[in-house]
Every structure is written in structure tokens, then in C-alpha cells.
file start_26.cif (mmCIF, C-alpha atoms)
data_query
loop_
_atom_site.label_atom_id
_atom_site.label_comp_id
_atom_site.auth_asym_id
_atom_site.auth_seq_id
_atom_site.Cartn_x
_atom_site.Cartn_y
_atom_site.Cartn_z
CA MET G 1 65.61 0.89 122.07
CA HIS G 2 67.44 -2.01 123.75
CA GLU G 3 66.35 -2.69 127.31
CA ILE G 4 68.89 -4.17 129.73
CA GLU G 5 67.86 -5.18 133.23
CA ALA G 6 69.91 -3.79 136.10
CA ARG G 7 70.05 -7.32 137.50
CA GLN G 8 71.88 -8.51 134.37
CA ILE G 9 74.43 -5.71 134.72
CA THR G 10 75.03 -6.65 138.36
CA GLU G 11 75.53 -10.32 137.51
CA THR G 12 77.92 -9.44 134.68
CA VAL G 13 80.04 -7.07 136.77
CA ALA G 14 80.30 -9.64 139.58
CA ARG G 15 81.45 -12.31 137.13
CA LEU G 16 83.96 -10.04 135.38
CA PHE G 17 85.73 -9.06 138.60
CA ARG G 18 85.86 -12.66 139.82
CA GLU G 19 87.35 -13.82 136.52
CA ALA G 20 89.75 -10.90 136.14
CA ASN G 21 91.27 -11.52 139.56
CA VAL G 22 92.12 -15.17 138.94
CA SER G 23 93.03 -15.40 135.25
CA LEU G 24 95.44 -13.36 133.15
CA PRO G 25 94.41 -12.47 129.59
CA ASP G 26 96.15 -14.42 126.81
CA ASP G 27 97.96 -11.32 125.52
CA VAL G 28 99.51 -10.68 128.94
CA LEU G 29 100.64 -14.29 129.29
CA ALA G 30 102.18 -14.19 125.80
CA ALA G 31 104.04 -10.99 126.64
CA LEU G 32 105.40 -12.46 129.88
CA LYS G 33 106.59 -15.59 128.06
CA SER G 34 108.27 -13.42 125.44
CA ALA G 35 109.96 -11.43 128.20
CA ARG G 36 111.21 -14.67 129.76
CA ALA G 37 112.73 -15.69 126.42
CA THR G 38 114.37 -12.27 125.97
CA GLU G 39 115.66 -11.65 129.49
CA VAL G 40 119.41 -12.10 130.06
CA SER G 41 119.53 -11.63 133.84
CA PRO G 42 119.35 -14.99 135.68
CA ALA G 43 117.63 -13.40 138.69
CA ALA G 44 115.05 -11.67 136.50
CA ARG G 45 114.45 -14.88 134.51
CA ASP G 46 113.78 -16.69 137.77
CA ALA G 47 111.33 -13.96 138.82
CA LEU G 48 109.52 -14.31 135.50
CA ASP G 49 109.36 -18.07 135.99
CA ARG G 50 107.69 -17.52 139.37
CA ILE G 51 105.27 -15.00 137.86
CA LEU G 52 104.24 -17.48 135.16
CA GLU G 53 103.98 -20.31 137.69
CA ASN G 54 101.77 -18.12 139.86
CA ALA G 55 99.48 -17.41 136.90
CA THR G 56 99.15 -21.12 136.17
CA ILE G 57 98.27 -21.98 139.78
CA ALA G 58 95.81 -19.09 140.12
CA GLY G 59 93.98 -20.10 136.96
CA ALA G 60 93.86 -23.77 137.87
CA GLU G 61 92.73 -23.27 141.46
CA GLY G 62 90.56 -20.20 140.98
CA THR G 63 92.53 -18.22 143.53
CA PRO G 64 93.56 -14.56 143.15
CA LEU G 65 96.67 -13.80 141.12
CA CYS G 66 97.67 -11.29 143.79
CA GLN G 67 96.59 -10.56 147.36
CA ASP G 68 95.86 -7.01 146.18
CA THR G 69 92.61 -7.46 144.29
CA GLY G 70 92.52 -3.77 143.57
CA THR G 71 90.28 -0.77 143.27
CA SER G 72 87.30 -1.77 141.14
CA VAL G 73 87.66 0.37 138.03
CA VAL G 74 84.90 0.09 135.44
CA PHE G 75 84.93 1.53 131.92
CA LEU G 76 81.52 1.73 130.24
CA GLU G 77 80.62 2.30 126.62
CA LEU G 78 76.92 3.03 126.84
CA GLY G 79 74.99 2.91 123.58
CA GLN G 80 72.67 5.87 123.27
CA GLU G 81 69.80 3.50 122.43
CA VAL G 82 70.21 1.48 125.65
CA HIS G 83 67.61 1.77 128.41
CA VAL G 84 68.43 0.30 131.82
CA THR G 85 65.35 -1.11 133.57
CA GLY G 86 64.73 -2.28 137.12
CA GLY G 87 67.26 0.01 138.74
CA ASP G 88 69.91 2.61 137.95
CA LEU G 89 73.16 1.86 136.12
CA TYR G 90 75.72 2.90 138.73
CA SER G 91 73.91 1.20 141.60
CA ALA G 92 73.80 -1.99 139.54
CA ILE G 93 77.55 -1.79 138.96
CA ASN G 94 78.34 -1.23 142.62
CA GLU G 95 76.10 -4.13 143.59
CA GLY G 96 78.02 -6.27 141.10
CA VAL G 97 81.30 -5.27 142.73
CA ARG G 98 79.83 -6.02 146.16
CA GLN G 99 78.66 -9.48 145.11
CA GLY G 100 81.74 -10.36 143.06
CA TYR G 101 84.20 -9.55 145.83
CA LYS G 102 82.13 -11.43 148.40
CA GLU G 103 81.50 -14.53 146.27
CA GLY G 104 85.08 -14.62 144.98
CA TYR G 105 86.61 -14.23 148.45
CA LEU G 106 88.52 -11.24 147.11
CA ARG G 107 90.22 -8.77 149.42
CA LYS G 108 88.23 -5.62 150.09
CA SER G 109 90.58 -2.67 149.88
CA MET G 110 88.53 0.53 149.81
CA ALA G 111 88.87 2.88 152.81
CA ALA G 112 86.29 5.55 153.59
CA ARG G 113 87.44 8.84 155.13
CA PRO G 114 90.82 8.27 153.49
CA PHE G 115 92.66 11.12 155.23
CA THR G 116 91.42 10.33 158.77
CA ALA G 117 89.71 7.14 159.96
CA ARG G 118 90.43 5.03 156.85
CA THR G 119 87.56 2.69 157.67
CA ASN G 120 87.19 -0.25 155.29
CA THR G 121 83.92 -0.09 153.32
CA THR G 122 83.86 -3.93 153.64
CA ASP G 123 82.69 -4.64 150.07
CA ASN G 124 85.23 -2.89 147.79
CA THR G 125 82.75 -0.23 146.79
CA PRO G 126 82.48 2.38 145.53
CA ALA G 127 83.69 1.46 142.08
CA VAL G 128 85.54 4.06 140.01
CA ILE G 129 83.38 4.38 136.90
CA TYR G 130 84.12 6.07 133.57
CA THR G 131 81.29 6.30 131.06
CA ASP G 132 81.35 7.15 127.38
CA VAL G 133 78.06 7.48 125.52
CA VAL G 134 78.46 5.96 122.05
CA PRO G 135 76.20 5.18 119.08
CA GLY G 136 74.29 1.91 119.12
CA ASP G 137 72.21 -0.28 121.39
CA LYS G 138 74.89 -2.18 123.35
CA LEU G 139 76.53 -1.76 126.72
CA ARG G 140 80.20 -2.66 126.88
CA ILE G 141 81.55 -3.22 130.40
CA ILE G 142 85.29 -3.45 131.13
CA ALA G 143 86.34 -4.46 134.64
CA LEU G 144 89.83 -3.43 135.70
CA PRO G 145 91.00 -4.40 139.21
CA LYS G 146 93.72 -1.80 139.79
CA GLY G 147 96.37 -2.68 142.36
CA GLY G 148 97.54 0.00 144.76
CA GLY G 149 101.28 -0.48 144.28
CA ALA G 150 101.20 0.36 140.58
CA GLU G 151 98.53 3.05 140.96
CA ASN G 152 100.68 4.81 143.55
CA MET G 153 103.35 5.34 140.89
CA SER G 154 101.01 7.44 138.71
CA ALA G 155 102.25 10.86 137.69
CA LEU G 156 101.03 13.99 135.92
CA LYS G 157 103.02 16.86 134.54
CA MET G 158 101.87 19.96 132.73
CA LEU G 159 104.70 20.40 130.27
CA SER G 160 105.39 23.56 128.38
CA PRO G 161 104.48 23.00 124.72
CA SER G 162 108.08 23.91 123.86
CA GLU G 163 109.28 20.76 125.69
CA GLY G 164 107.53 18.71 123.02
CA ARG G 165 108.26 15.09 122.18
CA GLN G 166 111.56 14.88 124.02
CA GLY G 167 110.02 16.36 127.15
CA ILE G 168 107.35 13.66 127.09
CA ILE G 169 109.92 10.87 126.75
CA ASP G 170 112.11 12.27 129.52
CA PHE G 171 109.14 12.63 131.90
CA VAL G 172 107.84 9.10 131.33
CA VAL G 173 111.29 7.53 131.68
CA SER G 174 112.03 9.57 134.82
CA THR G 175 108.70 8.47 136.33
CA ILE G 176 109.45 4.78 135.78
CA ASP G 177 113.03 5.20 137.01
CA LYS G 178 111.81 6.77 140.26
CA ALA G 179 109.18 4.03 140.64
CA GLY G 180 111.83 1.31 140.54
CA SER G 181 110.47 -2.02 141.75
CA ASN G 182 107.42 -0.50 143.49
CA PRO G 183 104.90 -1.21 140.68
CA CYS G 184 106.05 -4.87 140.45
CA PRO G 185 107.64 -4.89 137.00
CA PRO G 186 107.60 -5.88 134.25
CA VAL G 187 104.94 -3.24 133.87
CA ILE G 188 102.68 -2.00 131.13
CA ILE G 189 102.89 1.77 130.86
CA GLY G 190 99.88 3.84 129.88
CA VAL G 191 100.60 7.39 128.74
CA GLY G 192 97.94 10.03 128.19
CA ILE G 193 98.82 13.17 126.25
CA GLY G 194 96.63 16.21 125.70
CA GLY G 195 93.23 17.39 126.81
CA THR G 196 93.20 18.73 130.36
CA ALA G 197 95.01 17.44 133.44
CA ASP G 198 92.17 15.14 134.46
CA ARG G 199 91.53 13.92 130.92
CA ALA G 200 95.19 13.02 130.40
CA LEU G 201 95.04 10.80 133.49
CA VAL G 202 91.97 8.97 132.18
CA LEU G 203 93.62 8.53 128.77
CA ALA G 204 96.65 6.96 130.48
CA LYS G 205 94.50 4.48 132.39
CA ARG G 206 92.40 3.63 129.33
CA ALA G 207 95.60 2.95 127.38
CA LEU G 208 96.26 -0.01 129.68
CA LEU G 209 93.25 -1.82 128.18
CA ARG G 210 94.81 -2.13 124.73
CA PRO G 211 96.14 -5.63 123.86
CA VAL G 212 99.70 -5.76 125.17
CA GLY G 213 102.16 -4.49 122.61
CA GLN G 214 99.55 -3.55 120.02
CA PRO G 215 100.90 -0.29 118.58
CA SER G 216 98.88 2.85 118.17
CA PRO G 217 97.23 3.04 114.74
CA ASP G 218 98.82 6.47 114.33
CA PRO G 219 102.40 6.03 112.99
CA GLU G 220 103.77 9.05 114.86
CA THR G 221 102.33 7.85 118.17
CA ALA G 222 103.49 4.28 117.53
CA GLU G 223 107.04 5.56 117.02
CA LEU G 224 106.81 7.46 120.30
CA GLU G 225 105.71 4.25 122.06
CA ARG G 226 108.72 2.37 120.67
CA ASP G 227 111.15 5.09 121.70
CA ILE G 228 109.81 5.28 125.25
CA LEU G 229 109.85 1.49 125.62
CA ARG G 230 113.46 1.31 124.47
CA ARG G 231 114.51 4.02 126.95
CA VAL G 232 112.59 2.41 129.82
CA ASN G 233 114.10 -1.02 129.21
CA ASP G 234 117.54 0.55 129.12
CA LEU G 235 117.04 1.55 132.78
CA GLY G 236 117.94 -1.98 133.88
CA ILE G 237 115.30 -2.26 136.63
CA GLY G 238 114.07 -5.62 135.35
CA ALA G 239 111.46 -8.05 136.63
CA MET G 240 110.59 -7.30 140.28
CA GLY G 241 113.61 -5.00 140.42
CA TYR G 242 116.19 -7.78 139.94
CA GLY G 243 117.85 -6.07 136.98
CA GLY G 244 117.73 -7.04 133.35
CA VAL G 245 116.52 -5.87 129.97
CA VAL G 246 112.73 -6.12 130.43
CA THR G 247 111.37 -3.49 132.79
CA ALA G 248 108.24 -2.86 130.70
CA LEU G 249 106.28 -5.24 128.50
CA ALA G 250 104.76 -2.41 126.49
CA VAL G 251 104.10 1.31 126.29
CA HIS G 252 100.64 2.39 125.13
CA VAL G 253 100.07 6.06 124.34
CA GLU G 254 96.70 7.74 123.86
CA VAL G 255 96.59 11.29 122.49
CA MET G 256 94.01 14.03 122.08
CA PRO G 257 94.30 17.73 121.18
CA ALA G 258 95.45 20.15 123.86
CA HIS G 259 95.09 23.87 124.52
CA ILE G 260 97.66 26.03 122.73
CA ALA G 261 99.27 26.87 126.09
CA SER G 262 99.31 23.33 127.48
CA LEU G 263 100.92 19.93 127.05
CA PRO G 264 99.47 17.66 129.77
CA VAL G 265 101.21 14.28 130.13
CA ALA G 266 100.06 11.52 132.48
CA VAL G 267 101.61 8.15 133.32
CA ASN G 268 99.67 5.19 134.73
CA THR G 269 101.25 1.78 135.17
CA VAL G 270 99.91 -1.69 135.77
CA CYS G 271 102.01 -4.48 137.21
CA HIS G 272 102.77 -7.82 135.56
CA SER G 273 99.40 -9.00 136.87
CA ALA G 274 97.61 -6.92 134.23
CA ARG G 275 94.05 -8.00 134.92
CA HIS G 276 90.91 -7.01 133.08
CA ARG G 277 87.81 -8.63 131.62
CA GLU G 278 84.99 -7.30 129.47
CA ALA G 279 81.51 -8.16 128.27
CA VAL G 280 78.96 -6.68 125.89
CA LEU G 281 75.26 -6.71 126.75
#

call {"tool": "encode", "arguments": {"input": "start_26.cif", "output": "C-alpha cells"}}
result
Amino acid sequence: MHEIEARQITETVARLFREANVSLPDDVLAALKSARATEVSPAARDALDRILENATIAGAEGTPLCQDTGTSVVFLELGQEVHVTGGDLYSAINEGVRQGYKEGYLRKSMAARPFTARTNTTDNTPAVIYTDVVPGDKLRIIALPKGGGAENMSALKMLSPSEGRQGIIDFVVSTIDKAGSNPCPPVIIGVGIGGTADRALVLAKRALLRPVGQPSPDPETAELERDILRRVNDLGIGAMGYGGVVTALAVHVEVMPAHIASLPVAVNTVCHSARHREAVL
């Protein structure tokens, strides 16, 4: 049994959200630079230059990449031999969010009573937490600050199984076309296929954590990713909606079995400021 103190979890979560909000991962930076080299639209190239300049300044000065520092989404892989001491796991995570957003001078964006008063909770809690129990004695924590503009473009459709592969492609492309410049492209597109409606949505969000452009290990799924990406980039939306050949940096698809009567498909996008950090305790 591996004991982890709640205090250590809190400190780690606070650090991860501070770091994620000011520094883009190397894979995202590499994808943006590749997009800049590929793009043919002068206006879109200029937008990509500004995006890269912004990332450089944010990293150097320790200031947020974007004024929207997001909903605090946390993915946990909890080893079944882990025992949290000195407090409970979810309270420790929310305290980490509270401290990280205060210490990092990050915007607090969570509104209680969302359909009436919309009163700011003042500390960016509660976090949205997804937990998988896995073998082992480690706790993996992934912090994903999820901006509202991209999250608002999420979509779910319960396709008929007869619509199949082509129906999936058409739905994803239509979703991105309708989104236009709202999710601040170039985007990364997460697609979840299978399970139930709610599970497909989680699969789509989890897909965003894969290194940018890393194909699915399943050849059939990897081919689907390539076909969707090609169709999306043919839309001509381009960086920040200025037109061009790079609307999406990557498409990541996660798949699980579905009921014989169902074909759930979910789309979740993240903007060019694709922020996340992780740690293993």
C-alpha cells in the first residue's frame, strides 16, 4: 500500500494549474510551428505568428496564455493500492484548484446557480473530476484548464448504426463548420465514439490529452482520424477564422464498444492554447 498525503495532492494540483495556464506543451508548440510553415493564407500566417509570439511572452513572463483560464478539469488514474491520508481525495483536489488560481492570479470563471444568479464561486471550484481506478500504487493527475469558447462548441449525436463511418465524418465536419472561429482555431478535435451518450463525451475530452498528432494505435481508427482532419482542413476556416488550410492541428478519436442499437458520437474541441500538465505521485 502506497500512502499519499492529501497535502501533497493539493500542492501538486495547484502547481499543475499554474504551469498549464502559462506554458504550452512542446507538442502543441511544434504543431503550431508546423501549421505556420504549411499555411498559405497571409492573414492566417500572421495570426499564427501572433499566437506563437503570445506563447513566448506568456512563458517568459509567467502570465496566462489566455484571459480565459478555464474550467478546472482533472483526470485521475488512481492506483488500487494507493491510500490517501490526512484528508479526502476530491477535497484535496479542490483545495489545489483554489490555491493555484489564487497564487497564479488566474481568472476565476465558475458560476454557481448557473441558470439564475450566476454568482462567481470566487476560487474556480468545483473542479470537474474524472477518476479511473487502475492497477498499481501510483496516482496520476492530469490538469486540463478548459476554456469556455471551445467547450461551448461541444456536440453529441446519437447516430443510427446504419449511418456508420460516413455518418461520423459528416457529423464531426458539420460541427466544426458550424463552430467557425468561435473555438479559436487552429483547434485540436477530440472525438468519442461508442459507449453511452455520457461516456462518448468523456472519451472525446480525454482524446484531447494525447500528444498532438499522435495517431491512434488502431489502424482503422487512425485512418478515420486522417480522413476527418483532411475534410475539416478543407473547410477553409483557418487560424482565428482568417481562412486558410489549417483549421485543425489534429483529430484524436477514442472508441469503445456500443449497444447494438446505438452509435453515440461526441465532439470536444480545444483551442490553439491547448493547455494541460500532469504529474505522478

call {"tool": "residues_around", "arguments": {"input": "start_26.cif", "residues": "G:Lys138", "least_positions_apart": "2", "cutoff": "7 Å", "atoms": "all atoms listed in the file", "output": "MDAnalysis selection string"}}
result
chainID G and resid 78:79 82 136 140 280:281

call {"tool": "resolve_selection", "arguments": {"input": "start_26.cif", "expression": "the PyMOL selection byres ((chain G and resi 263) around 8)", "output": "PyMOL selection string"}}
result
chain G and resi 158-161+164+193-194+258-259+261-262+264-265

call {"tool": "closest_atom_pairs", "arguments": {"input": "start_26.cif", "of": "stretch 45-153 of chain G", "to": "stretch 172-183 of chain G", "cutoff": "12 Å", "atoms": "only C-alpha atoms", "output": "CSV"}}
result
residue,atom,partner,partner_atom,distance
G:Lys146,CA,G:Pro183,CA,11.2
G:Gly147,CA,G:Pro183,CA,8.8
G:Gly148,CA,G:Pro183,CA,8.5
G:Gly149,CA,G:Pro183,CA,5.2
G:Ala150,CA,G:Pro183,CA,4.0
G:Glu151,CA,G:Pro183,CA,7.7
G:Asn152,CA,G:Pro183,CA,7.9
G:Met153,CA,G:Ala179,CA,6.0

call {"tool": "resolve_selection", "arguments": {"input": "start_26.cif", "expression": "the PyMOL selection byres ((chain G and resi 121) around 10)", "output": "count of residues only"}}
result
14

call {"tool": "closest_residue", "arguments": {"input": "start_26.cif", "among": "G:Glu19, G:Glu95, G:Glu39, G:Glu77", "to": "G:Arg7", "atoms": "all atoms listed in the file"}}
result
G:Glu95

call {"tool": "closest_residue", "arguments": {"input": "start_26.cif", "among": "G:Gln99, G:Val253, G:Thr56, G:Val74", "to": "G:Pro25", "atoms": "all atoms listed in the file"}}
result
G:Thr56

call {"tool": "resolve_selection", "arguments": {"input": "start_26.cif", "expression": "the PyMOL selection byres ((chain G and resi 90) around 10)", "output": "list of chain:residue names"}}
result
G:Ala6, G:Ile9, G:Thr10, G:Gly87, G:Asp88, G:Leu89, G:Ser91, G:Ala92, G:Ile93, G:Asn94, G:Glu95, G:Gly96, G:Pro126, G:Ala127, G:Val128, G:Ile129

call {"tool": "axis_aligned_box", "arguments": {"input": "start_26.cif", "around": "stretch 112-127 of chain G", "padding_each_side": "5 Å", "output": "JSON"}}
result
{"center_x": 87.6, "center_y": 3.2, "center_z": 151.0, "size_x": 20.2, "size_y": 25.8, "size_z": 27.9}

call {"tool": "atom_distance", "arguments": {"input": "start_26.cif", "atom1": "atom CA of G:Leu52", "atom2": "atom CA of G:Glu11"}}
result
29.7 Å

call {"tool": "atom_distance", "arguments": {"input": "start_26.cif", "atom1": "atom CA of G:Asp137", "atom2": "atom CA of G:Thr12"}}
result
17.1 Å

call {"tool": "atom_distance", "arguments": {"input": "start_26.cif", "atom1": "atom CA of G:Ala31", "atom2": "atom CA of G:Leu139"}}
result
29.0 Å

call {"tool": "decode", "arguments": {"input": "start_26.cif", "residues": "stretch 195-252 of chain G", "atoms": "C-alpha atoms", "output": "PDB file, in the first residue's frame"}}
result
ATOM      1  CA  GLY G 195     -20.416   3.536 -25.059  1.00  0.00           C
ATOM      2  CA  THR G 196     -23.344   5.640 -23.898  1.00  0.00           C
ATOM      3  CA  ALA G 197     -24.075   9.317 -24.512  1.00  0.00           C
ATOM      4  CA  ASP G 198     -22.227  10.460 -21.406  1.00  0.00           C
ATOM      5  CA  ARG G 199     -19.306   8.104 -21.943  1.00  0.00           C
ATOM      6  CA  ALA G 200     -18.802   9.278 -25.528  1.00  0.00           C
ATOM      7  CA  LEU G 201     -18.462  12.852 -24.256  1.00  0.00           C
ATOM      8  CA  VAL G 202     -15.796  11.834 -21.732  1.00  0.00           C
ATOM      9  CA  LEU G 203     -13.939   9.868 -24.416  1.00  0.00           C
ATOM     10  CA  ALA G 204     -13.912  12.975 -26.631  1.00  0.00           C
ATOM     11  CA  LYS G 205     -12.455  15.135 -23.863  1.00  0.00           C
ATOM     12  CA  ARG G 206      -9.882  12.512 -22.880  1.00  0.00           C
ATOM     13  CA  ALA G 207      -8.781  12.298 -26.521  1.00  0.00           C
ATOM     14  CA  LEU G 208      -7.521  15.880 -26.246  1.00  0.00           C
ATOM     15  CA  LEU G 209      -4.783  14.723 -23.853  1.00  0.00           C
ATOM     16  CA  ARG G 210      -2.995  12.621 -26.461  1.00  0.00           C
ATOM     17  CA  PRO G 211       0.221  14.174 -27.863  1.00  0.00           C
ATOM     18  CA  VAL G 212      -0.843  16.375 -30.766  1.00  0.00           C
ATOM     19  CA  GLY G 213      -0.983  14.429 -33.995  1.00  0.00           C
ATOM     20  CA  GLN G 214      -0.087  11.079 -32.445  1.00  0.00           C
ATOM     21  CA  PRO G 215      -2.325   8.635 -34.333  1.00  0.00           C
ATOM     22  CA  SER G 216      -4.493   6.039 -32.690  1.00  0.00           C
ATOM     23  CA  PRO G 217      -2.678   2.714 -32.303  1.00  0.00           C
ATOM     24  CA  ASP G 218      -5.617   1.072 -34.072  1.00  0.00           C
ATOM     25  CA  PRO G 219      -5.084   1.332 -37.873  1.00  0.00           C
ATOM     26  CA  GLU G 220      -8.793   1.646 -38.658  1.00  0.00           C
ATOM     27  CA  THR G 221      -9.242   4.465 -36.142  1.00  0.00           C
ATOM     28  CA  ALA G 222      -6.055   6.190 -37.302  1.00  0.00           C
ATOM     29  CA  GLU G 223      -7.392   6.194 -40.865  1.00  0.00           C
ATOM     30  CA  LEU G 224     -10.639   7.736 -39.631  1.00  0.00           C
ATOM     31  CA  GLU G 225      -8.639  10.478 -37.877  1.00  0.00           C
ATOM     32  CA  ARG G 226      -6.775  11.288 -41.093  1.00  0.00           C
ATOM     33  CA  ASP G 227      -9.961  11.413 -43.153  1.00  0.00           C
ATOM     34  CA  ILE G 228     -11.731  13.725 -40.698  1.00  0.00           C
ATOM     35  CA  LEU G 229      -8.699  16.023 -40.460  1.00  0.00           C
ATOM     36  CA  ARG G 230      -8.485  16.307 -44.236  1.00  0.00           C
ATOM     37  CA  ARG G 231     -12.199  17.173 -44.509  1.00  0.00           C
ATOM     38  CA  VAL G 232     -12.006  19.714 -41.673  1.00  0.00           C
ATOM     39  CA  ASN G 233      -8.999  21.488 -43.156  1.00  0.00           C
ATOM     40  CA  ASP G 234     -10.786  21.648 -46.492  1.00  0.00           C
ATOM     41  CA  LEU G 235     -13.420  23.874 -44.826  1.00  0.00           C
ATOM     42  CA  GLY G 236     -11.102  26.877 -45.169  1.00  0.00           C
ATOM     43  CA  ILE G 237     -11.877  28.403 -41.752  1.00  0.00           C
ATOM     44  CA  GLY G 238      -8.200  28.774 -40.882  1.00  0.00           C
ATOM     45  CA  ALA G 239      -6.403  30.269 -37.901  1.00  0.00           C
ATOM     46  CA  MET G 240      -8.768  32.501 -35.886  1.00  0.00           C
ATOM     47  CA  GLY G 241     -11.228  32.335 -38.779  1.00  0.00           C
ATOM     48  CA  TYR G 242      -8.997  34.205 -41.251  1.00  0.00           C
ATOM     49  CA  GLY G 243      -9.193  31.463 -43.880  1.00  0.00           C
ATOM     50  CA  GLY G 244      -6.504  29.050 -44.948  1.00  0.00           C
ATOM     51  CA  VAL G 245      -5.609  25.382 -44.986  1.00  0.00           C
ATOM     52  CA  VAL G 246      -5.083  24.720 -41.259  1.00  0.00           C
ATOM     53  CA  THR G 247      -8.320  24.803 -39.286  1.00  0.00           C
ATOM     54  CA  ALA G 248      -7.340  21.850 -37.071  1.00  0.00           C
ATOM     55  CA  LEU G 249      -3.924  20.757 -35.867  1.00  0.00           C
ATOM     56  CA  ALA G 250      -5.088  17.205 -35.226  1.00  0.00           C
ATOM     57  CA  VAL G 251      -8.057  14.894 -34.815  1.00  0.00           C
ATOM     58  CA  HIS G 252      -7.886  12.347 -31.995  1.00  0.00           C
TER      59      HIS G 252
END
